[in-house]
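Dropping target_2.pdb in here (PDB, C-alpha atoms and all ligand atoms):
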```pdb
ATOM      1  CA  MET T   1       0.000   0.000   0.000
ATOM      2  CA  ARG T   2       1.267   3.500  -0.928
ATOM      3  CA  LYS T   3       3.884   5.198   1.319
ATOM      4  CA  TRP T   4       1.925   8.465   1.552
ATOM      5  CA  VAL T   5      -1.100   6.785   3.164
ATOM      6  CA  PRO T   6      -0.795   7.400   6.945
ATOM      7  CA  TRP T   7      -0.437   4.348   9.228
ATOM      8  CA  TRP T   8      -3.887   4.719  10.786
ATOM      9  CA  ALA T   9      -5.541   4.983   7.357
ATOM     10  CA  LYS T  10      -3.781   1.765   6.283
ATOM     11  CA  ILE T  11      -5.255   0.005   9.326
ATOM     12  CA  VAL T  12      -8.756   1.309   8.547
ATOM     13  CA  LEU T  13      -8.458   0.443   4.820
ATOM     14  CA  LYS T  14      -7.075  -3.025   5.447
ATOM     15  CA  ILE T  15      -9.748  -3.838   8.035
ATOM     16  CA  GLY T  16     -12.361  -2.778   5.470
ATOM     17  CA  LEU T  17     -10.775  -4.590   2.506
ATOM     18  CA  SER T  18     -10.253  -7.790   4.502
ATOM     19  CA  ARG T  19     -14.012  -7.985   5.013
ATOM     20  CA  LEU T  20     -14.854  -7.896   1.301
ATOM     21  CA  PRO T  21     -15.907 -11.256  -0.142
ATOM     22  CA  VAL T  22     -12.872 -11.396  -2.455
ATOM     23  CA  ALA T  23     -10.493 -14.368  -2.567
ATOM     24  CA  TYR T  24      -6.940 -13.858  -1.254
ATOM     25  CA  GLN T  25      -5.444 -14.531  -4.711
ATOM     26  CA  ALA T  26      -7.406 -11.632  -6.223
ATOM     27  CA  PHE T  27      -5.958  -9.227  -3.641
ATOM     28  CA  ALA T  28      -2.492 -10.743  -4.033
ATOM     29  CA  ARG T  29      -2.578 -10.045  -7.796
ATOM     30  CA  LYS T  30      -3.105  -6.341  -7.003
ATOM     31  CA  GLY T  31      -0.292  -6.376  -4.441
ATOM     32  CA  ILE T  32      -2.662  -5.985  -1.461
ATOM     33  CA  PHE T  33      -2.330  -8.560   1.375
ATOM     34  CA  ARG T  34       0.531 -10.357  -0.399
ATOM     35  CA  HIS T  35       2.259 -12.944   1.766
ATOM     36  CA  GLY T  36       5.754 -12.020   0.647
ATOM     37  CA  HIS T  37       7.631 -12.682  -2.584
ATOM     38  CA  MET T  38       8.277 -16.416  -2.672
ATOM     39  CA  ASP T  39       6.629 -16.607  -6.115
ATOM     40  CA  SER T  40       9.838 -15.012  -7.490
ATOM     41  CA  PRO T  41      12.424 -17.766  -8.130
ATOM     42  CA  THR T  42      15.303 -15.309  -7.704
ATOM     43  CA  TYR T  43      13.998 -14.197  -4.312
ATOM     44  CA  ALA T  44      13.176 -17.730  -3.100
ATOM     45  CA  LEU T  45      16.605 -19.017  -4.181
ATOM     46  CA  HIS T  46      18.404 -16.096  -2.557
ATOM     47  CA  VAL T  47      16.484 -16.648   0.698
ATOM     48  CA  ILE T  48      17.196 -20.380   1.015
ATOM     49  CA  GLN T  49      20.859 -19.963   0.018
ATOM     50  CA  LYS T  50      21.301 -17.171   2.557
ATOM     51  CA  HIS T  51      19.819 -19.295   5.349
ATOM     52  CA  LEU T  52      21.918 -22.333   4.381
ATOM     53  CA  GLN T  53      25.059 -20.185   4.429
ATOM     54  CA  GLN T  54      24.085 -18.564   7.714
ATOM     55  CA  SER T  55      23.719 -22.083   9.161
ATOM     56  CA  ASN T  56      27.098 -23.236   7.767
ATOM     57  CA  LEU T  57      25.214 -25.706   5.574
ATOM     58  CA  ALA T  58      26.157 -24.258   2.169
ATOM     59  CA  GLN T  59      27.145 -27.820   1.146
ATOM     60  CA  ALA T  60      24.136 -29.493   2.730
ATOM     61  CA  GLY T  61      24.752 -32.753   0.849
ATOM     62  CA  SER T  62      21.878 -35.022  -0.053
ATOM     63  CA  GLY T  63      19.007 -36.637   1.777
ATOM     64  CA  PHE T  64      18.407 -33.932   4.358
ATOM     65  CA  VAL T  65      14.938 -33.026   5.608
ATOM     66  CA  ALA T  66      14.068 -29.331   5.419
ATOM     67  CA  LEU T  67      11.203 -27.202   6.692
ATOM     68  CA  GLU T  68      10.253 -23.693   5.671
ATOM     69  CA  LEU T  69       7.988 -21.898   8.097
ATOM     70  CA  GLY T  70       5.642 -19.428   6.358
ATOM     71  CA  PRO T  71       6.375 -19.939   2.638
ATOM     72  CA  GLY T  72       3.574 -17.498   1.723
ATOM     73  CA  ASP T  73       2.614 -17.170  -1.928
ATOM     74  CA  SER T  74       4.371 -20.196  -3.431
ATOM     75  CA  VAL T  75       5.436 -23.792  -2.824
ATOM     76  CA  GLY T  76       8.430 -23.202  -5.130
ATOM     77  CA  SER T  77      10.899 -23.491  -2.232
ATOM     78  CA  ALA T  78      10.191 -27.242  -2.192
ATOM     79  CA  LEU T  79      11.532 -27.422  -5.768
ATOM     80  CA  ILE T  80      14.642 -25.489  -4.745
ATOM     81  CA  ALA T  81      15.212 -27.624  -1.637
ATOM     82  CA  HIS T  82      14.917 -30.762  -3.800
ATOM     83  CA  ALA T  83      17.468 -29.365  -6.281
ATOM     84  CA  LEU T  84      19.822 -28.659  -3.366
ATOM     85  CA  GLY T  85      19.584 -32.260  -2.130
ATOM     86  CA  ALA T  86      16.635 -32.365   0.297
ATOM     87  CA  SER T  87      14.762 -35.673   0.339
ATOM     88  CA  ARG T  88      11.735 -34.011   1.939
ATOM     89  CA  CYS T  89      10.717 -30.403   2.434
ATOM     90  CA  TYR T  90       7.847 -29.438   4.708
ATOM     91  CA  LEU T  91       6.256 -26.069   3.942
ATOM     92  CA  VAL T  92       4.212 -24.989   6.947
ATOM     93  CA  ASP T  93       1.948 -21.952   6.712
ATOM     94  CA  ALA T  94      -1.038 -20.628   8.625
ATOM     95  CA  GLY T  95      -3.329 -20.711   5.570
ATOM     96  CA  GLU T  96      -3.486 -21.929   1.987
ATOM     97  CA  PHE T  97      -1.862 -18.927   0.330
ATOM     98  CA  ALA T  98       0.310 -20.565  -2.355
ATOM     99  CA  ILE T  99      -0.610 -19.930  -5.968
ATOM    100  CA  LYS T 100      -2.048 -22.978  -7.700
ATOM    101  CA  ASP T 101      -1.523 -21.872 -11.313
ATOM    102  CA  MET T 102       0.865 -24.471 -12.785
ATOM    103  CA  GLN T 103       2.022 -22.085 -15.529
ATOM    104  CA  ALA T 104       3.637 -19.999 -12.757
ATOM    105  CA  TYR T 105       5.524 -23.074 -11.464
ATOM    106  CA  HIS T 106       6.678 -24.073 -14.968
ATOM    107  CA  GLU T 107       8.102 -20.562 -15.380
ATOM    108  CA  PHE T 108       9.576 -20.771 -11.850
ATOM    109  CA  ALA T 109      11.359 -24.040 -12.765
ATOM    110  CA  ASP T 110      12.616 -22.612 -16.111
ATOM    111  CA  GLU T 111      14.036 -19.588 -14.334
ATOM    112  CA  LEU T 112      15.814 -21.791 -11.772
ATOM    113  CA  ARG T 113      17.448 -23.767 -14.609
ATOM    114  CA  LYS T 114      18.584 -20.476 -16.195
ATOM    115  CA  GLN T 115      20.260 -19.742 -12.857
ATOM    116  CA  ALA T 116      22.072 -23.123 -13.050
ATOM    117  CA  VAL T 117      19.907 -24.753 -10.372
ATOM    118  CA  PRO T 118      19.361 -28.420 -11.371
ATOM    119  CA  CYS T 119      15.587 -28.208 -11.050
ATOM    120  CA  LEU T 120      13.435 -31.308 -11.498
ATOM    121  CA  ASP T 121      11.505 -31.676 -14.761
ATOM    122  CA  ILE T 122       7.910 -30.829 -13.792
ATOM    123  CA  GLN T 123       6.421 -30.811 -17.332
ATOM    124  CA  ASP T 124       4.152 -33.744 -16.432
ATOM    125  CA  CYS T 125       2.882 -32.156 -13.208
ATOM    126  CA  ASP T 126      -0.496 -30.581 -13.798
ATOM    127  CA  THR T 127      -1.402 -29.745 -10.190
ATOM    128  CA  ILE T 128       0.579 -28.485  -7.208
ATOM    129  CA  ASP T 129      -0.123 -31.796  -5.450
ATOM    130  CA  ALA T 130       1.648 -33.597  -8.313
ATOM    131  CA  LEU T 131       4.510 -31.091  -8.147
ATOM    132  CA  LEU T 132       4.866 -31.542  -4.375
ATOM    133  CA  HIS T 133       4.752 -35.327  -4.727
ATOM    134  CA  ALA T 134       7.503 -35.238  -7.385
ATOM    135  CA  CYS T 135       9.906 -33.168  -5.294
ATOM    136  CA  GLY T 136       9.191 -34.555  -1.804
ATOM    137  CA  GLY T 137       7.295 -31.433  -0.756
ATOM    138  CA  VAL T 138       4.670 -31.540   2.004
ATOM    139  CA  TYR T 139       2.483 -28.414   2.168
ATOM    140  CA  LEU T 140       0.725 -28.005   5.531
ATOM    141  CA  THR T 141      -1.478 -24.994   6.154
ATOM    142  CA  SER T 142      -2.672 -25.110   9.768
ATOM    143  CA  GLY T 143       0.279 -23.399  11.486
ATOM    144  CA  LEU T 144       0.855 -24.730  15.001
ATOM    145  CA  ALA T 145      -1.494 -27.716  14.473
ATOM    146  CA  SER T 146       0.499 -28.681  11.359
ATOM    147  CA  LEU T 147       3.814 -28.562  13.227
ATOM    148  CA  GLN T 148       2.286 -30.870  15.844
ATOM    149  CA  GLN T 149       1.856 -33.569  13.127
ATOM    150  CA  ILE T 150       5.574 -33.717  12.291
ATOM    151  CA  PRO T 151       7.551 -36.482  14.062
ATOM    152  CA  ASP T 152      10.061 -35.700  16.851
ATOM    153  CA  ASN T 153      13.726 -35.269  15.932
ATOM    154  CA  SER T 154      13.110 -35.560  12.181
ATOM    155  CA  VAL T 155      14.114 -32.258  10.516
ATOM    156  CA  ASP T 156      17.698 -31.241   9.710
ATOM    157  CA  PHE T 157      17.246 -27.682   8.497
ATOM    158  CA  ILE T 158      14.523 -25.123   9.264
ATOM    159  CA  TRP T 159      14.301 -21.646   7.784
ATOM    160  CA  SER T 160      11.958 -18.690   7.779
ATOM    161  CA  GLN T 161      12.025 -15.257   6.192
ATOM    162  CA  ALA T 162       9.886 -12.462   7.636
ATOM    163  CA  VAL T 163       7.609 -14.941   9.421
ATOM    164  CA  LEU T 164       8.362 -15.087  13.173
ATOM    165  CA  GLU T 165       6.981 -11.577  13.670
ATOM    166  CA  HIS T 166       3.642 -12.717  12.177
ATOM    167  CA  ILE T 167       3.024 -15.657  14.523
ATOM    168  CA  ARG T 168       0.214 -14.777  16.922
ATOM    169  CA  ALA T 169       1.744 -13.567  20.207
ATOM    170  CA  ALA T 170      -0.222 -16.134  22.235
ATOM    171  CA  GLU T 171       1.144 -18.992  20.064
ATOM    172  CA  PHE T 172       4.737 -17.859  19.673
ATOM    173  CA  LYS T 173       6.247 -19.989  22.438
ATOM    174  CA  ALA T 174       4.206 -23.053  21.433
ATOM    175  CA  VAL T 175       5.425 -22.742  17.823
ATOM    176  CA  MET T 176       9.023 -22.440  18.999
ATOM    177  CA  CYS T 177       8.556 -25.518  21.246
ATOM    178  CA  GLN T 178       7.346 -27.495  18.230
ATOM    179  CA  LEU T 179      10.292 -26.349  16.088
ATOM    180  CA  LYS T 180      12.681 -27.467  18.844
ATOM    181  CA  ARG T 181      10.882 -30.816  19.201
ATOM    182  CA  ILE T 182      10.993 -31.681  15.496
ATOM    183  CA  MET T 183      14.564 -30.484  14.876
ATOM    184  CA  ARG T 184      17.187 -33.248  14.966
ATOM    185  CA  THR T 185      19.798 -33.045  17.740
ATOM    186  CA  ASN T 186      22.413 -31.881  15.247
ATOM    187  CA  GLY T 187      19.917 -29.868  13.188
ATOM    188  CA  VAL T 188      19.924 -26.123  12.663
ATOM    189  CA  ALA T 189      17.388 -23.359  12.137
ATOM    190  CA  SER T 190      17.935 -19.949  10.571
ATOM    191  CA  HIS T 191      15.433 -17.117  10.769
ATOM    192  CA  ARG T 192      15.242 -13.575   9.457
ATOM    193  CA  VAL T 193      12.947 -11.402  11.567
ATOM    194  CA  ASP T 194      11.590  -7.986  10.564
ATOM    195  CA  LEU T 195      10.706  -5.944  13.655
ATOM    196  CA  LYS T 196       9.369  -2.888  11.823
ATOM    197  CA  ASP T 197       5.631  -2.357  11.688
ATOM    198  CA  HIS T 198       3.982  -3.530   8.486
ATOM    199  CA  LEU T 199       2.253  -0.186   8.073
ATOM    200  CA  GLY T 200       5.208   1.781   6.692
ATOM    201  CA  GLY T 201       8.314   0.506   8.472
ATOM    202  CA  SER T 202       8.122   2.296  11.831
ATOM    203  CA  LEU T 203       6.722   1.333  15.252
ATOM    204  CA  ASN T 204       3.185   2.583  14.722
ATOM    205  CA  ASN T 205       1.892  -0.904  15.486
ATOM    206  CA  MET T 206       3.032  -0.348  19.083
ATOM    207  CA  ARG T 207       0.715   2.601  19.661
ATOM    208  CA  ILE T 208      -2.216   0.233  20.139
ATOM    209  CA  ALA T 209      -2.871  -1.687  23.363
ATOM    210  CA  SER T 210      -2.818  -5.501  23.142
ATOM    211  CA  LYS T 211      -6.415  -5.764  24.335
ATOM    212  CA  HIS T 212      -7.406  -4.269  20.929
ATOM    213  CA  TRP T 213      -4.477  -5.387  18.739
ATOM    214  CA  GLU T 214      -4.805  -9.072  19.628
ATOM    215  CA  LYS T 215      -8.520  -9.270  18.785
ATOM    216  CA  ASP T 216      -9.035 -11.863  16.036
ATOM    217  CA  TRP T 217     -10.668  -9.368  13.682
ATOM    218  CA  MET T 218      -7.614  -7.069  13.959
ATOM    219  CA  ALA T 219      -5.122  -9.902  13.618
ATOM    220  CA  ARG T 220      -6.849 -11.228  10.480
ATOM    221  CA  SER T 221      -6.789  -7.902   8.656
ATOM    222  CA  GLY T 222      -3.431  -8.290   6.930
ATOM    223  CA  PHE T 223      -1.143  -6.042   9.004
ATOM    224  CA  TYR T 224      -0.717  -8.161  12.148
ATOM    225  CA  THR T 225       2.690  -8.492  13.738
ATOM    226  CA  ASN T 226       3.099  -9.868  17.262
ATOM    227  CA  ARG T 227       5.225  -6.878  18.437
ATOM    228  CA  LEU T 228       7.582  -9.154  20.375
ATOM    229  CA  ARG T 229      10.880  -7.293  20.518
ATOM    230  CA  PHE T 230      14.406  -8.644  20.010
ATOM    231  CA  SER T 231      15.126  -9.508  23.678
ATOM    232  CA  GLU T 232      11.696 -11.102  24.121
ATOM    233  CA  MET T 233      12.130 -13.401  21.109
ATOM    234  CA  LEU T 234      15.637 -14.339  22.252
ATOM    235  CA  ASN T 235      14.276 -15.223  25.711
ATOM    236  CA  VAL T 236      11.697 -17.550  24.189
ATOM    237  CA  PHE T 237      14.295 -19.266  21.957
ATOM    238  CA  GLU T 238      16.398 -19.940  25.059
ATOM    239  CA  GLN T 239      13.439 -21.001  27.208
ATOM    240  CA  VAL T 240      12.472 -23.742  24.742
ATOM    241  CA  GLY T 241      16.037 -25.056  24.719
ATOM    242  CA  PHE T 242      17.700 -23.585  21.627
ATOM    243  CA  GLN T 243      21.323 -22.462  21.612
ATOM    244  CA  VAL T 244      21.063 -18.971  20.172
ATOM    245  CA  GLU T 245      23.551 -17.296  17.846
ATOM    246  CA  VAL T 246      22.607 -13.824  16.613
ATOM    247  CA  ALA T 247      23.945 -13.594  13.053
ATOM    248  CA  GLY T 248      23.099  -9.946  12.374
ATOM    249  CA  ILE T 249      21.215  -6.968  13.770
ATOM    250  CA  ASP T 250      19.703  -3.953  11.956
ATOM    251  CA  ARG T 251      19.065  -0.789  13.906
ATOM    252  CA  TRP T 252      17.457   2.584  13.574
ATOM    253  CA  GLU T 253      19.799   5.313  14.810
ATOM    254  CA  GLU T 254      17.063   6.252  17.246
ATOM    255  CA  SER T 255      13.607   4.907  17.939
ATOM    256  CA  PRO T 256      11.303   6.068  15.085
ATOM    257  CA  LEU T 257       8.584   6.852  17.614
ATOM    258  CA  SER T 258       8.908   8.582  20.978
ATOM    259  CA  ARG T 259       8.045   6.477  24.023
ATOM    260  CA  SER T 260       5.137   8.762  24.889
ATOM    261  CA  LYS T 261       3.381   7.690  21.667
ATOM    262  CA  LEU T 262       3.626   3.969  22.490
ATOM    263  CA  ALA T 263       0.867   2.083  24.305
ATOM    264  CA  GLY T 264       1.584   2.051  28.063
ATOM    265  CA  GLU T 265       2.615  -1.627  28.060
ATOM    266  CA  PHE T 266       5.546  -0.812  25.704
ATOM    267  CA  GLN T 267       6.829   2.374  27.298
ATOM    268  CA  CYS T 268       9.231   0.556  29.623
ATOM    269  CA  LEU T 269      11.008  -1.376  26.836
ATOM    270  CA  SER T 270      14.767  -0.889  26.651
ATOM    271  CA  ASP T 271      16.337   1.500  24.116
ATOM    272  CA  ASP T 272      17.804  -1.577  22.432
ATOM    273  CA  ASP T 273      14.394  -3.135  21.964
ATOM    274  CA  LEU T 274      13.030   0.111  20.535
ATOM    275  CA  THR T 275      15.878   0.640  18.075
ATOM    276  CA  ILE T 276      16.483  -2.904  16.763
ATOM    277  CA  SER T 277      14.501  -3.058  13.521
ATOM    278  CA  GLY T 278      15.373  -6.596  12.415
ATOM    279  CA  PHE T 279      17.736  -9.482  13.012
ATOM    280  CA  ASP T 280      19.055 -12.799  11.771
ATOM    281  CA  VAL T 281      19.366 -15.694  14.172
ATOM    282  CA  VAL T 282      20.683 -19.258  14.042
ATOM    283  CA  LEU T 283      19.241 -21.779  16.516
ATOM    284  CA  ARG T 284      20.768 -25.162  17.323
TER
HETATM  285  C1  LIG B   1       5.302 -11.702   5.281
HETATM  286  S1  LIG B   1       4.858 -13.332   4.848
HETATM  287  C2  LIG B   1       6.450 -13.953   4.368
HETATM  288  C3  LIG B   1       6.336 -15.012   3.321
HETATM  289  C4  LIG B   1       7.655 -15.550   2.785
HETATM  290  N1  LIG B   1       8.444 -16.143   3.832
HETATM  291  C5  LIG B   1       8.449 -14.501   2.061
HETATM  292  O1  LIG B   1       9.549 -14.141   2.497
HETATM  293  O2  LIG B   1       7.981 -14.037   1.014
HETATM  294  C6  LIG B   1       4.575 -14.128   6.434
HETATM  295  C7  LIG B   1       4.099 -15.547   6.308
HETATM  296  O3  LIG B   1       4.079 -16.147   7.629
HETATM  297  C8  LIG B   1       2.939 -16.975   7.693
HETATM  298  N2  LIG B   1       2.599 -17.289   9.084
HETATM  299  C9  LIG B   1       2.012 -16.520  10.019
HETATM  300  N3  LIG B   1       1.815 -17.217  11.152
HETATM  301  C10 LIG B   1       2.277 -18.447  10.944
HETATM  302  C11 LIG B   1       2.338 -19.646  11.729
HETATM  303  N4  LIG B   1       1.864 -19.679  12.998
HETATM  304  N5  LIG B   1       2.879 -20.751  11.185
HETATM  305  C12 LIG B   1       3.341 -20.729   9.915
HETATM  306  N6  LIG B   1       3.316 -19.627   9.109
HETATM  307  C13 LIG B   1       2.786 -18.510   9.615
HETATM  308  C14 LIG B   1       1.910 -16.153   6.958
HETATM  309  O4  LIG B   1       0.751 -16.885   6.630
HETATM  310  C15 LIG B   1       2.695 -15.711   5.738
HETATM  311  O5  LIG B   1       2.691 -16.672   4.727
END
```
Give the structure from the file, written as structure tokens.
Ligand SMILES: C[S@@+](CC[C@H](N)C(=O)[O-])C[C@H]1O[C@@H](n2cnc3c(N)ncnc32)[C@H](O)[C@@H]1O
Amino acid sequence: MRKWVPWWAKIVLKIGLSRLPVAYQAFARKGIFRHGHMDSPTYALHVIQKHLQQSNLAQAGSGFVALELGPGDSVGSALIAHALGASRCYLVDAGEFAIKDMQAYHEFADELRKQAVPCLDIQDCDTIDALLHACGGVYLTSGLASLQQIPDNSVDFIWSQAVLEHIRAAEFKAVMCQLKRIMRTNGVASHRVDLKDHLGGSLNNMRIASKHWEKDWMARSGFYTNRLRFSEMLNVFEQVGFQVEVAGIDRWEESPLSRSKLAGEFQCLSDDDLTISGFDVVLR
């Protein structure tokens, strides 16, 4: 949504638009309510390679089991994981947002080959179920409940890009517990977290008290972020038993919003938590 639209107007517009009886894909085509950019092969490839490198798994070998949390608009990452040697790749989202148009996946595969990625031949696949079957992909769309179906100690590599901040605050620890449970003892997870609001890249989301923000109708309107700050996420990772290695931190020079404008519950956050705008983390 345009930069010149003020944050509060974006909230009002998105609440209104999210109530229209229009399918998600129709909004996504217009760039409203998109769940990221995973439908671009260049972006999806860059993301998975970055997370493999960050995890010291650039040469992952073959036969590993991978899991992407929050793939968003495409199941194309399963094709990439297969080309990089994964025997199985779970894609776990909180809804069925992936495009189903096979023409888009044929173009996705062609583009990967142009970028020297040895992508599977999917000419004979005429549905995304056939595509997933061919490349060992498993697309699960019930968030926490989906993670609960995955066996203990069975996944070698987990990654997410701009997802952890979207997990409902009340579920965040439970999701992290599940990721710890399913990750093999010598497995690794790599996450990129965006801590800016999704209303223009500031902290305007923190002006609103949780008793309103966490209402289901607010959280389902396309701008929800859980507002957990850097230190709070790190605490949860440690509490569920991960060894935490921060791989990178982005900061604003100063908090983009003065404390007095934040909801009371956020006014006592540390300067660090109010100036860290994103981070990369590796969990073992
Ligand atoms: C901003 S999109 C990012 C999509 C993609 N990773 C990318 O970089 O383009 C956030 C994604 O996280 C997903 N998500 C939110 N809560 C989730 C949960 N509890 N479990 C799995 N995915 C979740 C959303 O449905 C959405 O697909």
Proximity to Asn186 of chain T - best of T:Leu283, T:Cys89, T:Ala98, T:Leu52, all atoms listed in the file: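 Using all atoms listed in the file, the shortest distance to Asn186 of chain T belongs to T:Leu283.
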Env. residues ligand LIG 1 (chain B) / 8 Å / all atoms listed in the file / as a PyMOL selection string: chain T and resi 34-39+44+47+68-73+92-95+97+141-144+160-168+171-172+175
Distance of atom CA of Glu265 of chain T from atom CA of Phe242 of chain T, expressed in Å to one decimal place: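 One can read the atom CA of Phe242 of chain T to atom CA of Glu265 of chain T distance as 27.4 Å.
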Distance of atom CA of Leu132 of chain T from atom CA of Ser74 of chain T, expressed in Å to one decimal place: 11.4 Å
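For Ser260 of chain T, the set of protein, DNA and RNA residues having any atom at most 10 Å away, when counting all atoms listed in the file and skipping those fewer than 5 positions along the same chain, is Arg207, Phe266 and Gln267 of chain T.
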Residues as selected, C-alpha atoms, written as a short mmCIF file (atom, residue, chain, number, x, y, z; two decimals), in the coordinates of the input, can you do that?
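Ended up saving to result26.cif:
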```cif
data_model
loop_
_atom_site.label_atom_id
_atom_site.label_comp_id
_atom_site.auth_asym_id
_atom_site.auth_seq_id
_atom_site.Cartn_x
_atom_site.Cartn_y
_atom_site.Cartn_z
CA ARG T 207 0.72 2.60 19.66
CA PHE T 266 5.55 -0.81 25.70
CA GLN T 267 6.83 2.37 27.30
#
```
